[in-house]
Structure formats: C-alpha cells, structure tokens
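**Q** The structure is given below, and queries will be raised subsequently.
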Amino acid sequence: MTSPVPAGADRRIYIDKQSPKAYHALVQTSEAVRAVAADAGLDRVLVELVNLRVSQLNGCAYCLHLHTRAALRAGDTPQRLGVLAAWRDTELFTPAERAALALAEATTHPADTAAQDAAYAAARDALTDDQISAVIWVAVTINAFNRVSVMSRHRVRAEQ
C-alpha cells in the first residue's frame, strides 16, 4: 500500500511516516544516547555542535534547522554556529569541542582511516573514554537521522 506523496517531495515517501516502528526505535536510540552523553558529562552545547557538524557534512537542511535552534537554546552563540563549518580555523572552540568535532567528522567519513586515527588520538587527550563513546554514539545517531531526512526530503519551512 502506498501513502500519499508529500507536495514537492519528488514522489518520495517520508520513511519515518511509512515505517513508524523503525523510526520510533531510532528515536528511542537517540533518547538513550542523550542520556549516555549527559552521564558522561558532555554538555548540551557540545552535543549540539556534533549534531550540527555532522548535519553540515551530510547536507541535511532539516537537521541543521532543528539543531541550530537547539544549540541556541542550550546557550551557544550565533558567532560560533556561523563559523562551525570552519571550526579548525578559529579559536572559538574548546579543546574538548575540537576533539569531539574531529571525532564526529571521522565517524561520518569512516573510510578516511588517517583522519580517524588522528581524531581518536586527539580525543584521547581531551575526553574520557565515556565521553569518546558518547560522542561517537551522538555522531552515529545524527548520521541516521540525516539519512532519514535527506532520503525523505524533509523540508524546512520559513518561520513566521
């Protein structure tokens, strides 16, 4: 049985709506990962930076919109969010944030083993084992959500 096609979606289905049990399992995973990150001592700003950087790499407009708002609510600044794509070229991010961003990028592009090894080494200097694990889980989870939104072509509508 096919579902109605969302307007402007190039005849794509919203897989989160088409397969709600699978999507609900992903949401539950995300909630568990959020708890793991909090238990590891990662603040919400760092988690949202990871969500945003991964979403930038994946070109996921919907997740960028959602997590930009979340980062601002968590206390991040428009300046930092505006330069996030070039985080290596600024002094605006802490060593822990820089390590987490590198690890998130390596998780998103796992075939680049040299970058992965360098990111892991930097993470070892700035993060605990629990924090490293949590950052990787955050990156894995947002990568999954990015694919759901990109493949469904979830749209970002103008705010009123």
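Chains: A, B, ... in order of the structure tokens. Residues: from 1 per chain. Ligands: from 1, in order shown.
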I'd like to know which residues of chain A are alpha helix (DSSP H) (by DSSP, run on the backbone); could you write them as an mmCIF file with C-alpha atoms, in the first residue's frame?
**A**
data_model
loop_
_atom_site.group_PDB
_atom_site.id
_atom_site.type_symbol
_atom_site.label_atom_id
_atom_site.label_comp_id
_atom_site.auth_asym_id
_atom_site.auth_seq_id
_atom_site.Cartn_x
_atom_site.Cartn_y
_atom_site.Cartn_z
ATOM 1 C CA ILE A 15 10.145 6.924 5.573
ATOM 2 C CA ASP A 16 9.599 7.980 9.185
ATOM 3 C CA LYS A 17 5.840 8.057 8.479
ATOM 4 C CA GLN A 18 5.851 4.993 6.215
ATOM 5 C CA PRO A 20 6.833 4.323 12.163
ATOM 6 C CA LYS A 21 8.071 1.336 14.195
ATOM 7 C CA ALA A 22 11.557 1.667 12.749
ATOM 8 C CA TYR A 23 11.533 5.427 13.250
ATOM 9 C CA HIS A 24 10.320 5.053 16.830
ATOM 10 C CA ALA A 25 13.246 2.674 17.506
ATOM 11 C CA LEU A 26 15.628 5.343 16.173
ATOM 12 C CA VAL A 27 14.027 7.961 18.424
ATOM 13 C CA GLN A 28 14.422 5.613 21.414
ATOM 14 C CA THR A 29 18.084 5.126 20.494
ATOM 15 C CA SER A 30 18.516 8.894 20.341
ATOM 16 C CA GLU A 31 16.991 9.277 23.797
ATOM 17 C CA ALA A 32 19.339 6.616 25.186
ATOM 18 C CA VAL A 33 22.319 8.343 23.537
ATOM 19 C CA ARG A 34 21.269 11.694 25.025
ATOM 20 C CA ALA A 35 21.300 10.057 28.481
ATOM 21 C CA VAL A 36 24.687 8.443 27.828
ATOM 22 C CA ALA A 37 26.116 11.822 26.794
ATOM 23 C CA ALA A 38 24.748 13.501 29.918
ATOM 24 C CA ASP A 39 26.046 10.689 32.133
ATOM 25 C CA ARG A 44 24.267 20.061 25.613
ATOM 26 C CA VAL A 45 26.202 22.671 23.608
ATOM 27 C CA LEU A 46 28.910 20.152 22.685
ATOM 28 C CA VAL A 47 26.292 17.557 21.722
ATOM 29 C CA GLU A 48 24.517 20.085 19.505
ATOM 30 C CA LEU A 49 27.815 21.093 17.878
ATOM 31 C CA VAL A 50 28.332 17.442 16.929
ATOM 32 C CA ASN A 51 24.757 17.220 15.614
ATOM 33 C CA LEU A 52 25.272 20.356 13.557
ATOM 34 C CA ARG A 53 28.692 19.462 12.151
ATOM 35 C CA VAL A 54 27.551 16.017 11.051
ATOM 36 C CA SER A 55 24.414 17.530 9.515
ATOM 37 C CA GLN A 56 26.590 20.050 7.630
ATOM 38 C CA LEU A 57 28.712 17.224 6.231
ATOM 39 C CA ASN A 58 25.606 15.313 5.170
ATOM 40 C CA ALA A 61 18.834 21.098 5.914
ATOM 41 C CA TYR A 62 16.084 19.802 8.200
ATOM 42 C CA CYS A 63 18.513 18.651 10.914
ATOM 43 C CA LEU A 64 20.575 21.828 10.546
ATOM 44 C CA HIS A 65 17.449 23.878 11.188
ATOM 45 C CA LEU A 66 16.378 21.760 14.153
ATOM 46 C CA HIS A 67 19.792 21.578 15.834
ATOM 47 C CA THR A 68 20.693 25.237 15.254
ATOM 48 C CA ARG A 69 17.653 26.170 17.300
ATOM 49 C CA ALA A 70 18.585 23.550 19.927
ATOM 50 C CA ALA A 71 22.167 24.856 20.132
ATOM 51 C CA LEU A 72 20.966 28.409 20.635
ATOM 52 C CA ARG A 73 18.538 27.266 23.358
ATOM 53 C CA ALA A 74 21.434 25.406 25.014
ATOM 54 C CA PRO A 78 25.365 32.804 16.628
ATOM 55 C CA GLN A 79 29.051 33.612 16.050
ATOM 56 C CA ARG A 80 30.225 30.094 16.893
ATOM 57 C CA LEU A 81 27.420 28.473 14.919
ATOM 58 C CA GLY A 82 28.188 30.720 11.958
ATOM 59 C CA PRO A 95 39.849 21.517 23.234
ATOM 60 C CA ALA A 96 37.034 19.117 24.170
ATOM 61 C CA GLU A 97 34.750 20.572 21.486
ATOM 62 C CA ARG A 98 37.527 20.409 18.892
ATOM 63 C CA ALA A 99 38.210 16.775 19.776
ATOM 64 C CA ALA A 100 34.506 15.955 19.590
ATOM 65 C CA LEU A 101 34.110 17.688 16.220
ATOM 66 C CA ALA A 102 37.073 15.823 14.734
ATOM 67 C CA LEU A 103 35.736 12.538 16.084
ATOM 68 C CA ALA A 104 32.269 13.305 14.671
ATOM 69 C CA GLU A 105 33.764 14.006 11.253
ATOM 70 C CA ALA A 106 35.749 10.760 11.393
ATOM 71 C CA THR A 107 32.597 8.867 12.348
ATOM 72 C CA THR A 108 30.746 10.421 9.419
ATOM 73 C CA THR A 113 41.392 5.986 8.370
ATOM 74 C CA ALA A 114 44.179 8.549 8.718
ATOM 75 C CA ALA A 115 41.695 11.209 9.834
ATOM 76 C CA GLN A 116 40.020 8.647 12.060
ATOM 77 C CA ASP A 117 43.308 7.767 13.776
ATOM 78 C CA ALA A 118 44.207 11.442 14.244
ATOM 79 C CA ALA A 119 40.750 12.248 15.618
ATOM 80 C CA TYR A 120 40.886 9.349 18.034
ATOM 81 C CA ALA A 121 44.343 10.407 19.270
ATOM 82 C CA ALA A 122 43.149 13.984 19.826
ATOM 83 C CA ALA A 123 40.047 12.708 21.602
ATOM 84 C CA ARG A 124 42.210 10.631 23.945
ATOM 85 C CA ASP A 125 43.932 13.853 25.061
ATOM 86 C CA ALA A 126 40.743 15.854 25.649
ATOM 87 C CA ASP A 129 36.591 7.016 27.456
ATOM 88 C CA ASP A 130 32.918 7.520 28.343
ATOM 89 C CA GLN A 131 32.905 10.860 26.523
ATOM 90 C CA ILE A 132 34.594 9.392 23.438
ATOM 91 C CA SER A 133 32.000 6.642 23.325
ATOM 92 C CA ALA A 134 29.174 9.144 23.798
ATOM 93 C CA VAL A 135 30.457 11.456 21.037
ATOM 94 C CA ILE A 136 30.680 8.542 18.611
ATOM 95 C CA TRP A 137 27.136 7.470 19.532
ATOM 96 C CA VAL A 138 25.853 11.032 19.045
ATOM 97 C CA ALA A 139 27.506 11.118 15.602
ATOM 98 C CA VAL A 140 26.152 7.684 14.661
ATOM 99 C CA THR A 141 22.649 8.683 15.693
ATOM 100 C CA ILE A 142 22.572 12.042 13.917
ATOM 101 C CA ASN A 143 24.003 10.374 10.803
ATOM 102 C CA ALA A 144 20.990 8.031 10.873
ATOM 103 C CA PHE A 145 18.527 10.915 11.316
ATOM 104 C CA ASN A 146 20.271 12.803 8.491
ATOM 105 C CA ARG A 147 19.707 9.886 6.152
ATOM 106 C CA VAL A 148 16.040 9.663 7.130
ATOM 107 C CA SER A 149 15.532 13.374 6.425
ATOM 108 C CA VAL A 150 17.672 13.556 3.284
ATOM 109 C CA MET A 151 16.130 10.464 1.699
ATOM 110 C CA SER A 152 12.616 11.641 2.625
#
**Q** To one decimal place in Å, what is the distance between atom CA of Ala111 of chain A and atom CA of Phe93 of chain A?
**A**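 Taking atom CA of Ala111 of chain A as the start and atom CA of Phe93 of chain A as the end point, the length is 25.7 Å.
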**Q** What is the distance between atom CA of Ala85 of chain A and atom CA of Ala40 of chain A, in Å to one decimal?
**A**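 So the two atoms, atom CA of Ala85 of chain A and atom CA of Ala40 of chain A, lie 25.4 Å apart.
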**Q** By how many Å are atom CA of Gly59 of chain A and atom CA of Gly75 of chain A apart?
**A**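 Atom-to-atom, atom CA of Gly59 of chain A and atom CA of Gly75 of chain A are spaced 23.8 Å apart.
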